[in-house]
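Scroll down for the structure; my scribbles are underneath it.
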Amino acid sequence: MIAWKIGGEQGEGIDSTGDVLSTVASRMGYFVYGYKLFSSRIKGGHTTYKVRIANVPVHAATENTDILVALNQDTINQHARELSGGLLLADSVIKPTLPDGVKATLIGLPLTEIAKAHGSVVMRNMVSVGASAALLNLPSQPFLDYVESKFARKGDAIVQANQEALMDGYERVKREFAGASQLRLDSPVPGDRLVITGNDALALGALAGGCRLMCGYPITPATDIMEALSKWMPLVGGAVVQMEDELGSITACVGAGYAGVRAMTATSGPGFSLMQEGIGLASMAEIPVVIVDTQRSGPSTGMPTKQEQSDLMAIVNGGHGEGPRIVLAPSSPEEAFEDGWQAFNLADTLQTPVLIASDLSLALWSQTVDRAQLNGPKVTIDRGPVLSAEQLVELGQDTFYRYQITADGISARTLPGTKLGQHLATGVEHQPSGKVSEDPGNRAKMMEKRLNKLKQVHRLRDGVKWEGPSDADLVLLAIGSTVGAIREAQAILQHEGHRVAISWLRTLSPFPVEQFRERFQHCGQILIVEQNATGQVGLLMRAAGVYDDSRCHSLLKYDGVQFFPSEVVTAARPLLQTFVEVSG
């Protein structure tokens with residue numbers, strides 16, 4: 001496994017360089033995981049793009065770097081200590097110098113001059129890719145093929161210039177620094193795979209699940225969902241509408257859900273706060289709608305481009321009153337795709353808002369996924385009980401009650417315009433007919449009706465996932481993108497001889513109490529790994545009555561940087577030692 005990283009100023013082609021390397025490596029048969037650190041501005045400010053490449057699946061970020069490509073001295077100053085004897089490829093125009101105490105092989109190459117010789121300094125990214133491919137001891141042809149397919153529409157001259165720039169960097173390293181790199185990737189593993197982000201996977205899942213309207217307002221890191229759907233929706237007769245704000249976004253989606261359209265919106269913390277009243281309207285009027293919250297560092301504007309999982313209490317309990325809502329928590333692009341279509345089935349079947357708790361790292365970072373995991377044919381569409389005109393005629397005049405009290409809390413609905421199916425859909429408390437009522441007895445029954453619907457969720461999906469021995473000495477528990485870090489930490493700890501399992505929550509609300517108790521009844525210690533300062537997963541567990549003070553421990557991180565597997569391993573070892581001493 002090799003970790004490659006490039007750094008410079010935003011706007012210098014850092015992202016495109018990383019995208020080229022990760023895409024080509026994936027096409028060659030390697031697994032990749034690519035992630036960035038970038039500032040909350042359009043241009044300028046320090047940025048990096050790191051790609052992990054291996055012939056086994058990669059799930060998380062890492063602290064160490066094997067090759068660092070530096071376009072400025074600032075990159076060297078900030079990141080050279082990650083190398084630990086690795087390779088530093090730097091643009092010689094900056095006169096690169098290693099910080100004191102850093103052990104690395106410095107390879108100075110005139111990246112800027114080479115790029116200018118081929119027509120533009122913009123081609124420095126291609127020179128960097130070629131030089132990096134040489135240091136990784138990868139063949140040049142797959143990169144040349146990629147350039148041809150990438151720039152074909154711009155004409156032969158552009159293709160040739162970029163290919164020549166790439167090969168110039170490649171050949172100079174081979175010629176001038178022969179033997180400098182001993183890095184070797186294991187043989188690739190052929191397969192039908194693609195590189196995708198969680199945002200794109202979720203958008204694809206929504207599309208496959210019948211979503212035909214997306215109303216949103218741009219906000220980092222959720223905007224990519226709207227941008228992806230703006231390209232794909234026209235292909236299926238759907239629409240994406242950029243609204244004036246988040247209030248308009250949620251209410252437009254509620255209106256579409258009332259009309260029978262599968263609609264969604266996507267936002268992040270500040271926008272989600274504005275949507276709470278609209279979500280309450282959907283709960284009270286029992287209208288299906290799907291909302292994605294891609295969490296970032298808060299509160300307020302906070303750090304818009306940094307990782308955090310601190311909206312959980314707002315997602316589960318936000319808003320006023322006690323309106324039912326379902327909260328799903330994907331941890332990978334595959335699960336994001338799955339939740340993308342399942343959310344609409346749950347929303348339609350249970351006639352309630354369904355929220356998807358994503359996070360920045362899952363949303364934006366790219367990784368290798370088997371194409372079969374994003375396979376449309378396995379998708380099912382369940383619209384729940386919707387009465388047709390024929391069924392309403394059979395019922396007879398004035399006999400349809402939209403909010404009829406039923407054993408499971410689910411009552412049939414009709415679509416607007418259906419004869420004999422007219423009803424009031426209001427945010428005011430109402431009778432089974434939909435007419436306004438503040439009668440105490442009716443109020444109690446309607447509250448119970450709405451809340452009872454949630455009992456069906458755990459019949460329809462698995463709320464807790466588990467990998468490893470059921471009686472493990474230690475369970476690493478996480479949600480969202482942090483599951484990738486605990487997965488790699490588990491492998492390290494198992495290699496050391498420890499009996500470790502991992503578990504992650506797929507449904508946050510209603511909390512899967514019985515499933516949780518069943519999964520965790522035979523294990524030892526539990527380490528809850530989450531990215532917030534107050535231990536919000538632990539708080540949800542306490543509220544559900546499944547938090548065991550004698551076994552549960554928290555590992556929290558809230559500096560804006562995603563978890564590294566090494567941090568989880570460091571926190572887990574003392575717990576394993578304590579368990580061995582107590583049980584022994």
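By convention here, the chains of the structure tokens are called A, B, ... in the order presented, each chain's residues are numbered starting at 1, and ligands are numbered starting at 1 in the order presented.
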Where does region 281-350 of chain A meet region 256-262 of chain A within 7 Å, residue by residue, with the nearest atom pair and distance in Å to one decimal for each, counting only C-alpha atoms, listed by chain and rising number, as JSON lines?
```
{"residue": "A:Ile287", "atom": "CA", "partner": "A:Tyr258", "partner_atom": "CA", "distance": 5.7}
{"residue": "A:Pro288", "atom": "CA", "partner": "A:Gly257", "partner_atom": "CA", "distance": 5.4}
{"residue": "A:Val289", "atom": "CA", "partner": "A:Gly257", "partner_atom": "CA", "distance": 5.9}
{"residue": "A:Phe344", "atom": "CA", "partner": "A:Arg262", "partner_atom": "CA", "distance": 6.8}
```
Write a file of the just-selected residues containing C-alpha atoms, as a PDB file, in the first residue's frame.
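This went into selection-v4.pdb:
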```pdb
ATOM      1  CA  ILE A 287     -46.227  13.695   3.853  1.00  0.00           C
ATOM      2  CA  PRO A 288     -43.198  11.764   2.514  1.00  0.00           C
ATOM      3  CA  VAL A 289     -39.993  13.742   1.956  1.00  0.00           C
ATOM      4  CA  PHE A 344     -37.966   7.001  -0.529  1.00  0.00           C
TER       5      PHE A 344
END
```
Residues near Thr380 (chain A), cut-off 12 Å, only C-alpha atoms, skip fewer than 6 positions along chain, as a PyMOL selection string = chain A and resi 205-206+208-210+338+340-346
Go through A:Pro565, A:Gly417, A:Gly13, A:Gly198 and flag the residue nearest Glu335 (chain A), using only C-alpha atoms for the distances.
-> A:Gly198
All strand (DSSP E) residues (DSSP, backbone) inside region 19-49 of chain A, as a list of chain:residue names |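 Filtering region 19-49 of chain A to strand (DSSP E) leaves A:Phe31, A:Val32, A:Tyr33, A:Gly34, A:Tyr35, A:Lys36, A:Leu37, A:His46, A:Thr47, A:Thr48, A:Tyr49.
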Residues from last step as file, C-alpha atoms, as a PDB file, in the first residue's frame:
```
ATOM      1  CA  PHE A  31      -8.110   0.095  -4.989  1.00  0.00           C
ATOM      2  CA  VAL A  32      -7.857   3.790  -4.127  1.00  0.00           C
ATOM      3  CA  TYR A  33      -9.000   6.199  -1.450  1.00  0.00           C
ATOM      4  CA  GLY A  34      -8.561   9.890  -2.234  1.00  0.00           C
ATOM      5  CA  TYR A  35      -9.140  12.779   0.139  1.00  0.00           C
ATOM      6  CA  LYS A  36      -8.348  16.466   0.380  1.00  0.00           C
ATOM      7  CA  LEU A  37      -7.695  19.257   2.817  1.00  0.00           C
ATOM      8  CA  HIS A  46      -3.160  25.868   1.132  1.00  0.00           C
ATOM      9  CA  THR A  47      -4.613  22.615  -0.169  1.00  0.00           C
ATOM     10  CA  THR A  48      -3.549  18.983  -0.470  1.00  0.00           C
ATOM     11  CA  TYR A  49      -4.848  15.861  -2.182  1.00  0.00           C
TER      12      TYR A  49
END
```
Non-local contacts of region 21-28 of chain A (8 Å; only C-alpha atoms; under 5 positions in same chain excluded) as an MDAnalysis selection string | chainID A and resid 33:34 51 53 129 142:143 146 188 190 193:195 368
When you draw a straight line from CA of Leu247 (chain A) to CA of Leu274 (chain A), how long is it in Å?
->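 For CA of Leu247 (chain A) relative to CA of Leu274 (chain A), the distance reads 6.0 Å.
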Kindly give the distance, in Å, that separates CA of Ser358 (chain A) and CA of Met447 (chain A), rounded to a single decimal.
->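 Between CA of Ser358 (chain A) and CA of Met447 (chain A) the gap works out to 28.7 Å.
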Which residues, written as a list in words, have at least one atom at most 10 Å from Pro469 (chain A), with only C-alpha atoms counted and residues fewer than 6 positions away on the same chain left out?
-> Val475, Arg499, Val500, Ala501, Ile502, His522 and Cys523 of chain A
Atom-to-atom span, CA of Glu530 (chain A) and CA of His553 (chain A), Å = 11.1 Å
Hey, what's within 9 Å of Gln295 (chain A) if we count only C-alpha atoms and toss same-chain stuff fewer than 5 positions away? As a PyMOL selection string, please?
-> chain A and resi 221-222+267-269+307-312+357-360
Counting only C-alpha atoms, which of A:Ser503, A:Thr294, A:Ser300, A:Gln78 gets nearest to Leu202 (chain A)?
->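 Checking each of A:Ser503, A:Thr294, A:Ser300, A:Gln78 against Leu202 (chain A), counting only C-alpha atoms, the winner is A:Thr294.
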Which of region 496-584 of chain A fall in helix (DSSP H, G or I), as a PyMOL selection string = chain A and resi 513-520+536-544+565-583
Filtering to C-alpha atoms, could you give me those residues as a short mmCIF file (atom, residue, chain, number, x, y, z; two decimals), in the first residue's frame?
```
data_model
loop_
_atom_site.label_atom_id
_atom_site.label_comp_id
_atom_site.auth_asym_id
_atom_site.auth_seq_id
_atom_site.Cartn_x
_atom_site.Cartn_y
_atom_site.Cartn_z
CA VAL A 513 -32.77 -1.08 20.71
CA GLU A 514 -33.52 -4.79 20.43
CA GLN A 515 -31.06 -5.35 17.58
CA PHE A 516 -28.40 -3.48 19.54
CA ARG A 517 -28.90 -5.51 22.70
CA GLU A 518 -28.82 -8.75 20.76
CA ARG A 519 -25.58 -7.84 18.98
CA PHE A 520 -23.74 -6.58 22.05
CA GLN A 536 -23.56 12.30 20.66
CA VAL A 537 -23.71 8.63 19.66
CA GLY A 538 -23.20 7.80 23.32
CA LEU A 539 -26.01 10.21 24.22
CA LEU A 540 -28.35 8.46 21.77
CA MET A 541 -27.39 5.14 23.34
CA ARG A 542 -28.13 6.50 26.82
CA ALA A 543 -31.52 7.79 25.69
CA ALA A 544 -32.27 4.33 24.28
CA PRO A 565 -6.81 4.12 12.02
CA SER A 566 -3.66 4.56 14.12
CA GLU A 567 -5.56 6.84 16.53
CA VAL A 568 -8.20 4.17 17.06
CA VAL A 569 -5.55 1.49 17.59
CA THR A 570 -3.77 3.63 20.19
CA ALA A 571 -7.01 4.15 22.12
CA ALA A 572 -8.04 0.48 21.85
CA ARG A 573 -4.88 -1.17 23.19
CA PRO A 574 -5.28 -0.06 26.83
CA LEU A 575 -8.89 -1.28 26.83
CA LEU A 576 -7.81 -4.66 25.50
CA GLN A 577 -5.10 -4.89 28.14
CA THR A 578 -7.56 -3.99 30.90
CA PHE A 579 -10.04 -6.58 29.63
CA VAL A 580 -7.35 -9.28 29.59
CA GLU A 581 -6.29 -8.41 33.14
CA VAL A 582 -9.87 -8.40 34.47
CA SER A 583 -11.02 -11.53 32.65
#
```
Do a neighbour search on region 180-182 of chain A at 12 Å with only C-alpha atoms, toss out local chain neighbours closer than 5 positions, and write the hits as a list of chain:residue names.
->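 Listed by chain and then number, they are A:Ile2, A:Asp66, A:Ile67, A:Gly85, A:Gly86, A:Leu87, A:Leu88, A:Leu89, A:Ala104, A:Thr105, A:Leu106, A:Ile107, A:Gly108, A:Ala131, A:Ser132, A:Ala133, A:Ala134, A:Leu135, A:Leu136, A:Asn137, A:Leu138, A:Val173, A:Lys174, A:Arg175.
If you measure from each of A:Thr301, A:Thr507, A:Ser273, A:Gln494 to Arg325 (chain A) using only C-alpha atoms, the closest one turns out to be A:Thr507.
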Top pick for closest residue to Gly169 (chain A), considering A:Gly130, A:Gly280, A:Pro512, A:Gly441 and counting only C-alpha atoms | A:Gly130
